[in-house]
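First up is the structure itself, then whatever we jot down about it.
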Amino acid sequence: MKKLWQNNRSLIIALIIFLGAFAAITQSMEAKVWASILLSGITLASLYFLVASGLSLIFGLMDVLNFAHGSIFVLGAYVGLSTYANPRLLFNTLPFFLSLGAGITLARSFGVPFWRWKRTQNKPQWFFWGLIAVSLVLITFSLRDFPIRAINAFGVTAVGGIVSTAEAQEPMGTMLFRTALLFISGLPFGTALAPREVHQEGSRKSPVRVLLITLILLILGLAILLLRDPGEEFMLGLSVDLRFVLALVLGSLAGALLGAAVEIVLIRPFYGNPVTQLVLTLGLLIALTDVIEGVWGEEGHPPMTPPSLFTEPCRSESLFSWFGEKCRSIDVLGRAFPSYRVFIIFLGILVFSAVGVLLRRSRIGMIIRAGVQDSEMVQVLGINVRRVFTLVFALGSGLAALGGVIAAPFLGVYPAMGGIFQLQAFIAVVIGGMGSYPGAAVGTLILGIARAFGDHFVASGIELPFLETTLRGSPALAKASTVLIMAIVLLVKPAGIFGKKE
Amino acid sequence: MNNLLVIENIHTYIEQFHILEGVSLKVPQGSIVVLLGRNGAGKTTTLKSILGLRPPRQGKVIFEDREIQGMQPHLIAQLGIGYVPEHRAIFRNLTVEENLKIAERQKHDLDKRSDFIFNVFPDLKRLIKLPAGNLSGGQQQMLAIARALVPENSLLLIDEPSEGLAPVLIEEVMDAVRQLSARTTILLVEQNFSMASQLAERYFIIESGRSVKNGLMPDLIDDQETINAYLGAA
């Protein structure tokens with residue numbers, strides 16, 4: 001008990017002050033008011049957490065500060081929105097990715113003899129960049145004049161429903177040509193990524209397996225392409241709820257795959273060189289934002305309609321009755337609270353526990369926790385730490401993208417939304433302690449709640465018992481409140497709440 | 001030939017600094033070999049070069065008749081090389097049990113070897129559920145060694161096991177190392193000359209990143225001149 005006090009003195013004092021301030025603020029309010037502010041805060045925290053947890057894990061394990069994490073959040077939001085509202089985009093672009101991936105997979109394995117031959121010559125690095133350049137030129141050529149904006153166009157009606165307005169779809173022949181060309185563009189890229197040294201060749205997959213994977217990817221791509229019309233009809237025929245679930249899955253999958261690709265291509269060659277990695281993720285942030293603006297437009301979309309689970313125009317008495325009634329809002333101490341936000345909170349808690357269990361109970365989680373402390377030592381135990389790095393990058397990016405999908409019906413979708421979440425998640429991670437998973441949860445919770453009360457403070461002000469007039473903050477104060485909290489926490493605990501001094 | 005590990009004239013750089021400028025050594029199967037030298041001579045870097053953490057730019061590392069320089073560290077470890085790092089680098093956030101479990105290369109490695117491990121380190125059995133960060137320095141060192149015993153390793157690289165330990169504990173670590181040597185070959189880095197001289201059969205001395213002298217341990221004990229020249233006051 002005494003030890004607990006000594007080790008966490010500053011933390012306990014801060015907690016008491018925080019609770020005291022909370023009590024002082026809330027005692028002048030009605031219970032239903034502060035309860036709903038609190039819930040709004042937790043909703044926000046839930047979204048922040050999905051971004052912050054990945055950021056923290058990636059930093060903890062790999063010492064990579066991923067500036068592009070927020071844009072993966074945005075990408076998730078857009079992929080989710082497209083799946084939900086206009087699946088035509090999926091059917092017209094997925095085959096491209098699949099055939100490009102097939103080409104890369106194939107060449108990565110069968111490109112080894114190329115390097116065996118090149119090894120005898122000078123400057124292999126030039127050939128590496130040369131192959132990448134050839135591949136990029138081919139990719140650009142195969143995607144030339146692809147009417148992405150037209151395919152992607154959809155409008156929102158006055159009542160909030162979404163109508164697909166896209167008519168311009170390319171003829172099948174052109175699409176097949178593009179797909180084939182993309183497969184070929186993948187070949188030089190894969191060759192560039194093939195193992196270059198003799199001793200790395202041992203870890204290669206068997207050629208049969210590689211051929212099989214390549215074939216599966218190609219056939220899958222082709223099938224999606226050939227079935228694009230009935231497929232689209234089928235998807236639009238699904239119920240809104242099912243489409244929403246599909247959006248959640250595809251959105252996070254897109255984020256995870258992008259995360260894995262980013263780790264392999266951009267981050268992996270530069271471990272031990274953190275500045276390069278930092279600059280690369282910054283560059284990726286800019287590039288990704290541009291790609292997103294290019295594909296989906298700069299103007300953004302208003303919040304999409306939540307699935308019908310959350311839209312019945314009524315108010316459920318409690319969470320339990322909501323399961324039957326599927327009302328738009330739920331009664332909290334006499335005040336209506338949107339049920340979709342309850343869903344966000346629920347999903348946040350679910351992800352927090354699931355990843356927590358993964359970290360605590362599984363072997364891979366054990367390796368991650370050990371790697372956060374000393375990844376070199378994990379490696380010399382015979383564990384392929386690089387693969388774990390890729391996995392964590394994919395996991396973190398997938399979670400951020402999931403956050404984006406569920407944020408879409410709540411906040412809307414626009415290209416710049418990632419920046420705010422990136423910043424808030426970063427502050428939360430610093431507050432909680434870099435690399436600490438529970439720290440990320442606590443940090444986001446503090447930020448979300450502080451933000452919600454800050455906004456209320458600005459909008460309605462608070463009545464303090466010892467003041468005659470209502471105290472009201474300026475909007476700038478609400479924005480600054482999170483940074484202020486970070487400053488205070490860092491003064492008290494320089495390594496963050498759960499951070500350990502090394 | 002019954003050298004388990006042979007290092008031939010390796011050169012290792014850390015960034016642009018030339019740390020090892022020609023280190024050679026041989027570790028015969030079944031023996032304890034000690035690597036001696038002053039602070040900063042390059043002893044730890046030599047171990048890291050073997051492990052692939054600091055791959056040598058020149059020279060060869062031959063393990064079981066196979067060149068392993070330049071291989072990825074996890075593949076080198078999988079050949080059967082265990083590492084006990086200096087500063088008792090155990091995973092402090094993991095429990096004792098997890099520290100052992102994470103070293104498994106095949107399922108049930110720990111179950112298979114736990115009798116032997118807890119026989120050498122009876123303390124660990126009692127502490128199995130504790131976070132490793134809560135252990136005392138001596139216990140952490142025991143855990144670091146035990147971790148290297150979980151998988152089937154034919155060679156152990158042990159870096160300064162006596163560092164910062166009380167004399168009683170040094171005795172205990174020495175006992176443990178002796179018990180292990182019945183099973184595996186050991187390459188030991190040690191500053192504590194009395195410990196090194198009692199354990200090892202052969203020695204290699206490096207000075208400023210170069211191999212300078214090697215031979216049988218009993219010869220070195222009487223060779224005060226060499227000791228003074230390369231190891232300082234011992």
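By order of appearance in the structure tokens: chains A, B, ..., then residues from 1 within every chain, and ligands from 1 in the order shown.
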message = With only C-alpha atoms considered, list every residue of chain B at most 6 Å from chain A, as a ChimeraX atom specification.
response = /B:71,73-74,77-78,91,103
request  = Would you list the contacts of B:Gln106 as a list in words, taking every protein, DNA or RNA residue within 10 Å and counting only C-alpha atoms, but skipping same-chain residues closer than 4 positions in sequence?
outcome  = Leu110, Val150, Pro151 and Glu152 of chain B
ask   = If we count only C-alpha atoms, what is near A:Ala407 at a cut-off of 12 Å, once residues fewer than 6 positions away on the same chain are taken out, given as an MDAnalysis selection string?
value = chainID A and resid 43:48 50:51 73:78 80:81 247:248 251 302:306 340:341 343:345 347:348 400:401 413:414 417:418 421
Need to verify the contact set: B:Pro161, 9 Å, only C-alpha atoms, exclusion of same-chain residues closer than 5 positions in sequence. Can you return it as a PDB file with C-alpha atoms, in the first residue's frame?
ATOM      1  CA  VAL B  84      22.923 -14.307 -22.698  1.00  0.00           C
ATOM      2  CA  PRO B  85      23.385 -10.548 -23.097  1.00  0.00           C
ATOM      3  CA  GLU B  86      25.193  -8.257 -20.707  1.00  0.00           C
ATOM      4  CA  HIS B  87      23.287  -6.049 -18.258  1.00  0.00           C
ATOM      5  CA  ARG B  88      20.868  -8.925 -17.608  1.00  0.00           C
ATOM      6  CA  GLN B 141      20.988 -13.081 -14.409  1.00  0.00           C
ATOM      7  CA  MET B 142      19.841 -16.630 -13.679  1.00  0.00           C
ATOM      8  CA  ILE B 145      20.877 -17.797 -18.648  1.00  0.00           C
ATOM      9  CA  ILE B 170      29.077 -14.856  -8.729  1.00  0.00           C
ATOM     10  CA  VAL B 173      26.491 -18.133 -11.596  1.00  0.00           C
ATOM     11  CA  MET B 174      29.798 -19.971 -11.934  1.00  0.00           C
ATOM     12  CA  LEU B 188      32.184 -16.524 -22.389  1.00  0.00           C
ATOM     13  CA  VAL B 189      33.041 -12.836 -22.218  1.00  0.00           C
ATOM     14  CA  GLU B 190      34.251 -11.974 -18.753  1.00  0.00           C
TER      15      GLU B 190
END
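Of the listed residues (B:Ala176, B:Ile90, B:Ile205, B:Leu130), B:Ile90 comes nearest to B:Arg147; the distances count only C-alpha atoms.
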Any idea what's packed within 12 Å of stretch 323-330 of chain A, counting only C-alpha atoms, ignoring anything in its chain fewer than 3 positions away? Could you give it as an mmCIF file with N, CA, C and O atoms, in the first residue's frame?
data_model
loop_
_atom_site.group_PDB
_atom_site.id
_atom_site.type_symbol
_atom_site.label_atom_id
_atom_site.label_comp_id
_atom_site.auth_asym_id
_atom_site.auth_seq_id
_atom_site.Cartn_x
_atom_site.Cartn_y
_atom_site.Cartn_z
ATOM 1 N N SER A 36 -24.617 13.055 -20.287
ATOM 2 C CA SER A 36 -24.560 12.972 -21.755
ATOM 3 C C SER A 36 -23.285 13.612 -22.288
ATOM 4 O O SER A 36 -22.753 13.177 -23.313
ATOM 5 N N LEU A 39 -20.773 10.918 -21.912
ATOM 6 C CA LEU A 39 -20.902 9.900 -22.956
ATOM 7 C C LEU A 39 -20.367 10.399 -24.298
ATOM 8 O O LEU A 39 -19.710 9.659 -25.032
ATOM 9 N N ASP A 241 -27.781 -2.589 -43.191
ATOM 10 C CA ASP A 241 -26.964 -3.070 -42.072
ATOM 11 C C ASP A 241 -25.851 -3.975 -42.561
ATOM 12 O O ASP A 241 -24.696 -3.847 -42.146
ATOM 13 N N THR A 305 -25.819 8.328 -43.717
ATOM 14 C CA THR A 305 -26.850 7.812 -42.818
ATOM 15 C C THR A 305 -26.336 6.560 -42.136
ATOM 16 O O THR A 305 -25.812 5.679 -42.794
ATOM 17 N N PRO A 306 -26.498 6.495 -40.836
ATOM 18 C CA PRO A 306 -26.106 5.262 -40.153
ATOM 19 C C PRO A 306 -27.007 4.126 -40.623
ATOM 20 O O PRO A 306 -28.098 4.372 -41.139
ATOM 21 N N PRO A 307 -26.565 2.887 -40.473
ATOM 22 C CA PRO A 307 -27.405 1.752 -40.856
ATOM 23 C C PRO A 307 -28.722 1.766 -40.099
ATOM 24 O O PRO A 307 -28.841 2.389 -39.042
ATOM 25 N N SER A 308 -29.700 1.063 -40.633
ATOM 26 C CA SER A 308 -31.068 1.168 -40.115
ATOM 27 C C SER A 308 -31.187 0.705 -38.661
ATOM 28 O O SER A 308 -32.175 0.985 -38.001
ATOM 29 N N LEU A 309 -30.144 0.024 -38.185
ATOM 30 C CA LEU A 309 -30.135 -0.371 -36.775
ATOM 31 C C LEU A 309 -30.245 0.852 -35.872
ATOM 32 O O LEU A 309 -30.675 0.762 -34.735
ATOM 33 N N PHE A 310 -29.818 2.009 -36.390
ATOM 34 C CA PHE A 310 -29.718 3.191 -35.536
ATOM 35 C C PHE A 310 -30.587 4.331 -36.032
ATOM 36 O O PHE A 310 -30.323 5.481 -35.736
ATOM 37 N N THR A 311 -31.604 4.037 -36.831
ATOM 38 C CA THR A 311 -32.327 5.152 -37.437
ATOM 39 C C THR A 311 -33.830 5.190 -37.155
ATOM 40 O O THR A 311 -34.494 6.111 -37.583
ATOM 41 N N GLU A 312 -34.393 4.198 -36.473
ATOM 42 C CA GLU A 312 -35.832 4.249 -36.200
ATOM 43 C C GLU A 312 -36.146 5.501 -35.385
ATOM 44 O O GLU A 312 -35.479 5.779 -34.384
ATOM 45 N N PRO A 313 -37.116 6.277 -35.833
ATOM 46 C CA PRO A 313 -37.393 7.549 -35.149
ATOM 47 C C PRO A 313 -38.123 7.354 -33.820
ATOM 48 O O PRO A 313 -39.324 7.571 -33.719
ATOM 49 N N CYS A 314 -37.425 6.914 -32.829
ATOM 50 C CA CYS A 314 -38.022 6.778 -31.512
ATOM 51 C C CYS A 314 -36.909 6.845 -30.473
ATOM 52 O O CYS A 314 -35.745 6.990 -30.814
ATOM 53 N N ARG A 315 -37.270 6.736 -29.218
ATOM 54 C CA ARG A 315 -36.267 6.789 -28.161
ATOM 55 C C ARG A 315 -36.435 5.576 -27.251
ATOM 56 O O ARG A 315 -37.486 5.393 -26.649
ATOM 57 N N SER A 316 -35.398 4.757 -27.193
ATOM 58 C CA SER A 316 -35.484 3.564 -26.356
ATOM 59 C C SER A 316 -35.291 3.938 -24.897
ATOM 60 O O SER A 316 -34.507 4.827 -24.566
ATOM 61 N N GLU A 317 -36.004 3.211 -24.034
ATOM 62 C CA GLU A 317 -35.924 3.503 -22.601
ATOM 63 C C GLU A 317 -34.549 3.161 -22.040
ATOM 64 O O GLU A 317 -34.011 3.839 -21.189
ATOM 65 N N SER A 318 -33.967 2.066 -22.533
ATOM 66 C CA SER A 318 -32.670 1.647 -22.019
ATOM 67 C C SER A 318 -31.930 0.914 -23.125
ATOM 68 O O SER A 318 -32.471 0.662 -24.201
ATOM 69 N N LEU A 319 -30.705 0.593 -22.835
ATOM 70 C CA LEU A 319 -29.884 -0.113 -23.810
ATOM 71 C C LEU A 319 -30.527 -1.436 -24.201
ATOM 72 O O LEU A 319 -30.483 -1.861 -25.349
ATOM 73 N N PHE A 320 -31.170 -2.078 -23.208
ATOM 74 C CA PHE A 320 -31.721 -3.402 -23.482
ATOM 75 C C PHE A 320 -32.926 -3.322 -24.413
ATOM 76 O O PHE A 320 -33.069 -4.132 -25.309
ATOM 77 N N LEU A 333 -30.915 9.152 -18.446
ATOM 78 C CA LEU A 333 -31.391 10.005 -17.356
ATOM 79 C C LEU A 333 -32.342 11.083 -17.874
ATOM 80 O O LEU A 333 -32.275 12.241 -17.477
ATOM 81 N N GLY A 334 -33.159 10.717 -18.849
ATOM 82 C CA GLY A 334 -34.148 11.671 -19.335
ATOM 83 C C GLY A 334 -33.701 12.505 -20.511
ATOM 84 O O GLY A 334 -34.394 13.425 -20.936
ATOM 85 N N ARG A 335 -32.530 12.231 -21.024
ATOM 86 C CA ARG A 335 -32.065 12.988 -22.185
ATOM 87 C C ARG A 335 -31.766 12.004 -23.312
ATOM 88 O O ARG A 335 -31.235 10.917 -23.056
ATOM 89 N N ALA A 336 -32.061 12.394 -24.530
ATOM 90 C CA ALA A 336 -31.829 11.475 -25.646
ATOM 91 C C ALA A 336 -30.352 11.452 -26.012
ATOM 92 O O ALA A 336 -29.713 12.501 -26.136
ATOM 93 N N PHE A 337 -29.806 10.255 -26.192
ATOM 94 C CA PHE A 337 -28.421 10.118 -26.629
ATOM 95 C C PHE A 337 -28.418 9.218 -27.855
ATOM 96 O O PHE A 337 -29.004 8.138 -27.830
ATOM 97 N N PRO A 338 -27.789 9.668 -28.957
ATOM 98 C CA PRO A 338 -27.863 8.894 -30.200
ATOM 99 C C PRO A 338 -27.333 7.465 -30.005
ATOM 100 O O PRO A 338 -26.258 7.275 -29.443
ATOM 101 N N SER A 339 -28.108 6.506 -30.507
ATOM 102 C CA SER A 339 -27.695 5.123 -30.270
ATOM 103 C C SER A 339 -26.459 4.770 -31.086
ATOM 104 O O SER A 339 -25.697 3.890 -30.726
ATOM 105 N N TYR A 340 -26.245 5.495 -32.209
ATOM 106 C CA TYR A 340 -25.057 5.193 -32.995
ATOM 107 C C TYR A 340 -23.788 5.486 -32.204
ATOM 108 O O TYR A 340 -22.788 4.787 -32.315
ATOM 109 N N ARG A 341 -23.856 6.527 -31.347
ATOM 110 C CA ARG A 341 -22.674 6.833 -30.526
ATOM 111 C C ARG A 341 -22.428 5.745 -29.502
ATOM 112 O O ARG A 341 -21.285 5.464 -29.156
ATOM 113 N N VAL A 342 -23.522 5.160 -29.015
ATOM 114 C CA VAL A 342 -23.359 4.031 -28.089
ATOM 115 C C VAL A 342 -22.628 2.895 -28.810
ATOM 116 O O VAL A 342 -21.754 2.237 -28.249
ATOM 117 N N PHE A 343 -22.981 2.723 -30.085
ATOM 118 C CA PHE A 343 -22.314 1.694 -30.883
ATOM 119 C C PHE A 343 -20.811 1.988 -30.998
ATOM 120 O O PHE A 343 -19.972 1.092 -30.869
#
request  = Mind checking which residues fall within 10 Å of B:Leu149, counting only C-alpha atoms, ignoring those fewer than 2 positions away in the same chain, and posting them as a PyMOL selection string?
outcome  = chain B and resi 82-84+100+103-104+109-110+113-114+116-117+143-147+151-154+156+180+184
Could those selected residues go to a file with N, CA and C atoms, as a PDB file, in the first residue's frame?
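Here's the written file out.pdb:
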ATOM      1  N   GLY B  82      22.598 -19.760 -28.583  1.00  0.00           N
ATOM      2  CA  GLY B  82      21.882 -19.022 -27.546  1.00  0.00           C
ATOM      3  C   GLY B  82      22.718 -17.852 -27.082  1.00  0.00           C
ATOM      4  N   TYR B  83      22.041 -16.798 -26.637  1.00  0.00           N
ATOM      5  CA  TYR B  83      22.759 -15.576 -26.262  1.00  0.00           C
ATOM      6  C   TYR B  83      22.289 -15.124 -24.887  1.00  0.00           C
ATOM      7  N   VAL B  84      23.232 -14.886 -24.002  1.00  0.00           N
ATOM      8  CA  VAL B  84      22.923 -14.307 -22.698  1.00  0.00           C
ATOM      9  C   VAL B  84      23.572 -12.931 -22.690  1.00  0.00           C
ATOM     10  N   LEU B 100      10.709 -17.299 -20.319  1.00  0.00           N
ATOM     11  CA  LEU B 100      11.194 -18.611 -20.752  1.00  0.00           C
ATOM     12  C   LEU B 100      10.425 -19.094 -21.970  1.00  0.00           C
ATOM     13  N   ALA B 103      11.282 -17.966 -25.517  1.00  0.00           N
ATOM     14  CA  ALA B 103      12.494 -18.517 -26.126  1.00  0.00           C
ATOM     15  C   ALA B 103      12.242 -19.848 -26.821  1.00  0.00           C
ATOM     16  N   GLU B 104      11.055 -20.400 -26.667  1.00  0.00           N
ATOM     17  CA  GLU B 104      10.765 -21.690 -27.307  1.00  0.00           C
ATOM     18  C   GLU B 104      10.901 -21.572 -28.819  1.00  0.00           C
ATOM     19  N   ASP B 109       9.142 -26.920 -25.905  1.00  0.00           N
ATOM     20  CA  ASP B 109      10.560 -26.853 -25.552  1.00  0.00           C
ATOM     21  C   ASP B 109      10.725 -26.699 -24.048  1.00  0.00           C
ATOM     22  N   LEU B 110       9.923 -25.778 -23.496  1.00  0.00           N
ATOM     23  CA  LEU B 110      10.073 -25.478 -22.076  1.00  0.00           C
ATOM     24  C   LEU B 110       9.684 -26.686 -21.222  1.00  0.00           C
ATOM     25  N   ARG B 113      12.463 -29.209 -21.154  1.00  0.00           N
ATOM     26  CA  ARG B 113      13.725 -28.875 -20.485  1.00  0.00           C
ATOM     27  C   ARG B 113      13.510 -28.293 -19.108  1.00  0.00           C
ATOM     28  N   SER B 114      12.276 -28.197 -18.650  1.00  0.00           N
ATOM     29  CA  SER B 114      12.050 -27.475 -17.397  1.00  0.00           C
ATOM     30  C   SER B 114      12.693 -28.191 -16.208  1.00  0.00           C
ATOM     31  N   PHE B 116      15.501 -29.837 -16.086  1.00  0.00           N
ATOM     32  CA  PHE B 116      16.914 -29.460 -16.070  1.00  0.00           C
ATOM     33  C   PHE B 116      17.088 -28.009 -15.628  1.00  0.00           C
ATOM     34  N   ILE B 117      16.274 -27.119 -16.219  1.00  0.00           N
ATOM     35  CA  ILE B 117      16.423 -25.696 -15.922  1.00  0.00           C
ATOM     36  C   ILE B 117      16.170 -25.415 -14.440  1.00  0.00           C
ATOM     37  N   LEU B 143      17.817 -15.902 -14.767  1.00  0.00           N
ATOM     38  CA  LEU B 143      16.738 -15.997 -15.754  1.00  0.00           C
ATOM     39  C   LEU B 143      17.295 -15.820 -17.168  1.00  0.00           C
ATOM     40  N   ALA B 144      18.217 -14.873 -17.309  1.00  0.00           N
ATOM     41  CA  ALA B 144      18.796 -14.631 -18.634  1.00  0.00           C
ATOM     42  C   ALA B 144      19.508 -15.878 -19.136  1.00  0.00           C
ATOM     43  N   ILE B 145      20.197 -16.564 -18.228  1.00  0.00           N
ATOM     44  CA  ILE B 145      20.877 -17.797 -18.648  1.00  0.00           C
ATOM     45  C   ILE B 145      19.843 -18.882 -18.931  1.00  0.00           C
ATOM     46  N   ALA B 146      18.858 -19.000 -18.024  1.00  0.00           N
ATOM     47  CA  ALA B 146      17.838 -20.038 -18.193  1.00  0.00           C
ATOM     48  C   ALA B 146      17.123 -19.882 -19.534  1.00  0.00           C
ATOM     49  N   ARG B 147      16.897 -18.623 -19.928  1.00  0.00           N
ATOM     50  CA  ARG B 147      16.193 -18.370 -21.178  1.00  0.00           C
ATOM     51  C   ARG B 147      16.955 -18.962 -22.368  1.00  0.00           C
ATOM     52  N   PRO B 151      15.527 -23.493 -25.673  1.00  0.00           N
ATOM     53  CA  PRO B 151      15.604 -24.255 -26.921  1.00  0.00           C
ATOM     54  C   PRO B 151      16.875 -25.099 -26.964  1.00  0.00           C
ATOM     55  N   GLU B 152      16.939 -25.974 -27.935  1.00  0.00           N
ATOM     56  CA  GLU B 152      18.103 -26.835 -28.108  1.00  0.00           C
ATOM     57  C   GLU B 152      19.231 -25.983 -28.698  1.00  0.00           C
ATOM     58  N   ASN B 153      20.181 -25.550 -27.866  1.00  0.00           N
ATOM     59  CA  ASN B 153      21.296 -24.756 -28.374  1.00  0.00           C
ATOM     60  C   ASN B 153      22.592 -25.543 -28.248  1.00  0.00           C
ATOM     61  N   SER B 154      23.399 -25.550 -29.302  1.00  0.00           N
ATOM     62  CA  SER B 154      24.676 -26.244 -29.176  1.00  0.00           C
ATOM     63  C   SER B 154      25.794 -25.285 -28.761  1.00  0.00           C
ATOM     64  N   LEU B 156      26.456 -21.529 -26.543  1.00  0.00           N
ATOM     65  CA  LEU B 156      25.952 -20.402 -25.758  1.00  0.00           C
ATOM     66  C   LEU B 156      26.981 -19.289 -25.769  1.00  0.00           C
ATOM     67  N   LEU B 180      26.173 -26.211 -17.066  1.00  0.00           N
ATOM     68  CA  LEU B 180      25.757 -26.154 -18.471  1.00  0.00           C
ATOM     69  C   LEU B 180      26.804 -26.727 -19.389  1.00  0.00           C
ATOM     70  N   THR B 184      26.519 -28.114 -23.307  1.00  0.00           N
ATOM     71  CA  THR B 184      26.747 -27.282 -24.494  1.00  0.00           C
ATOM     72  C   THR B 184      28.120 -26.643 -24.450  1.00  0.00           C
TER      73      THR B 184
END
task = Point out the residue among A:Leu395, A:Val279, A:Val492, A:Ile485 with the least atom-to-atom distance to A:Val351, counting only C-alpha atoms.
result = A:Leu395
ask   = Can you list every residue in stretch 11-114 of chain B that DSSP puts in alpha helix (DSSP H), as a PyMOL selection string?
value = chain B and resi 43-51+73-78+96-101+109-114
Take the residues just selected and output them with N, CA, C and O atoms as a compact mmCIF listing (two decimals), in the first residue's frame.
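Ended up saving to selection_6.txt:
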# COMPACT_ATOMS: atom_id res chain seq x y z
N LYS B 43 34.76 -6.89 -27.21
CA LYS B 43 34.30 -8.24 -26.86
C LYS B 43 32.81 -8.42 -27.19
O LYS B 43 32.43 -9.38 -27.86
N THR B 44 32.00 -7.47 -26.72
CA THR B 44 30.57 -7.58 -26.98
C THR B 44 30.28 -7.48 -28.48
O THR B 44 29.43 -8.19 -29.01
N THR B 45 31.01 -6.59 -29.16
CA THR B 45 30.82 -6.47 -30.61
C THR B 45 31.15 -7.78 -31.31
O THR B 45 30.49 -8.15 -32.29
N THR B 46 32.17 -8.49 -30.81
CA THR B 46 32.48 -9.80 -31.39
C THR B 46 31.28 -10.74 -31.28
O THR B 46 30.89 -11.39 -32.25
N LEU B 47 30.67 -10.78 -30.08
CA LEU B 47 29.50 -11.64 -29.91
C LEU B 47 28.38 -11.22 -30.85
O LEU B 47 27.72 -12.04 -31.49
N LYS B 48 28.18 -9.90 -30.95
CA LYS B 48 27.09 -9.42 -31.82
C LYS B 48 27.39 -9.69 -33.29
O LYS B 48 26.48 -9.85 -34.09
N SER B 49 28.67 -9.74 -33.64
CA SER B 49 29.02 -10.09 -35.02
C SER B 49 28.66 -11.55 -35.30
O SER B 49 28.18 -11.88 -36.38
N ILE B 50 28.92 -12.41 -34.32
CA ILE B 50 28.56 -13.82 -34.49
C ILE B 50 27.06 -13.94 -34.68
O ILE B 50 26.57 -14.66 -35.55
N LEU B 51 26.31 -13.19 -33.86
CA LEU B 51 24.85 -13.32 -33.86
C LEU B 51 24.19 -12.65 -35.05
O LEU B 51 22.99 -12.82 -35.28
N PRO B 73 19.74 -12.35 -38.14
CA PRO B 73 19.95 -12.83 -36.76
C PRO B 73 19.03 -13.97 -36.35
O PRO B 73 19.48 -14.90 -35.70
N HIS B 74 17.75 -13.90 -36.74
CA HIS B 74 16.87 -14.95 -36.24
C HIS B 74 17.20 -16.30 -36.88
O HIS B 74 17.02 -17.35 -36.26
N LEU B 75 17.74 -16.26 -38.10
CA LEU B 75 18.11 -17.53 -38.74
C LEU B 75 19.39 -18.09 -38.11
O LEU B 75 19.54 -19.30 -37.95
N ILE B 76 20.29 -17.19 -37.74
CA ILE B 76 21.51 -17.64 -37.05
C ILE B 76 21.13 -18.29 -35.73
O ILE B 76 21.61 -19.38 -35.40
N ALA B 77 20.24 -17.63 -34.98
CA ALA B 77 19.84 -18.18 -33.69
C ALA B 77 19.22 -19.56 -33.85
O ALA B 77 19.45 -20.46 -33.05
N GLN B 78 18.43 -19.70 -34.92
CA GLN B 78 17.75 -20.98 -35.12
C GLN B 78 18.71 -22.12 -35.41
O GLN B 78 18.33 -23.29 -35.30
N VAL B 96 8.33 -14.22 -15.40
CA VAL B 96 9.45 -15.16 -15.53
C VAL B 96 9.08 -16.27 -16.52
O VAL B 96 9.85 -16.63 -17.41
N GLU B 97 7.87 -16.76 -16.36
CA GLU B 97 7.43 -17.85 -17.23
C GLU B 97 7.41 -17.41 -18.70
O GLU B 97 7.87 -18.14 -19.59
N GLU B 98 6.89 -16.19 -18.93
CA GLU B 98 6.84 -15.70 -20.31
C GLU B 98 8.24 -15.51 -20.89
O GLU B 98 8.49 -15.75 -22.07
N ASN B 99 9.16 -15.05 -20.02
CA ASN B 99 10.54 -14.90 -20.47
C ASN B 99 11.11 -16.21 -20.96
O ASN B 99 11.93 -16.24 -21.88
N LEU B 100 10.71 -17.30 -20.32
CA LEU B 100 11.19 -18.61 -20.75
C LEU B 100 10.43 -19.09 -21.97
O LEU B 100 10.99 -19.62 -22.92
N LYS B 101 9.11 -18.87 -21.93
CA LYS B 101 8.26 -19.36 -23.02
C LYS B 101 8.62 -18.72 -24.36
O LYS B 101 8.58 -19.38 -25.40
N ASP B 109 9.14 -26.92 -25.91
CA ASP B 109 10.56 -26.85 -25.55
C ASP B 109 10.73 -26.70 -24.05
O ASP B 109 11.54 -27.37 -23.43
N LEU B 110 9.92 -25.78 -23.50
CA LEU B 110 10.07 -25.48 -22.08
C LEU B 110 9.68 -26.69 -21.22
O LEU B 110 10.38 -27.02 -20.26
N ASP B 111 8.58 -27.33 -21.59
CA ASP B 111 8.16 -28.50 -20.82
C ASP B 111 9.26 -29.56 -20.80
O ASP B 111 9.54 -30.17 -19.78
N LYS B 112 9.87 -29.73 -21.98
CA LYS B 112 10.89 -30.78 -22.10
C LYS B 112 12.10 -30.49 -21.24
O LYS B 112 12.71 -31.39 -20.69
N ARG B 113 12.46 -29.21 -21.15
CA ARG B 113 13.72 -28.88 -20.48
C ARG B 113 13.51 -28.29 -19.11
O ARG B 113 14.48 -27.91 -18.46
N SER B 114 12.28 -28.20 -18.65
CA SER B 114 12.05 -27.47 -17.40
C SER B 114 12.69 -28.19 -16.21
O SER B 114 13.18 -27.53 -15.29
key: DSSP strand (DSSP E) residues within stretch 214-367 of chain A, listed as a PyMOL selection string   = chain A and resi 312-316+327-332+335-338
ask   = B:Ser31: which residues within 8 Å, counting only C-alpha atoms, same-chain residues fewer than 5 positions away excluded, as a ChimeraX atom specification?
value = /B:181,184-186,200-201
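Atom to atom, atom CA of A:Leu143 and atom CA of A:Leu225 stand 15.5 Å apart.
Interatomic distance, atom CA of B:Ser211 to atom CA of B:Ala148: 26.9 Å.
Taking atom CA of A:Ile58 and atom CA of B:Gly52 as the two end points, the separation is 24.0 Å.
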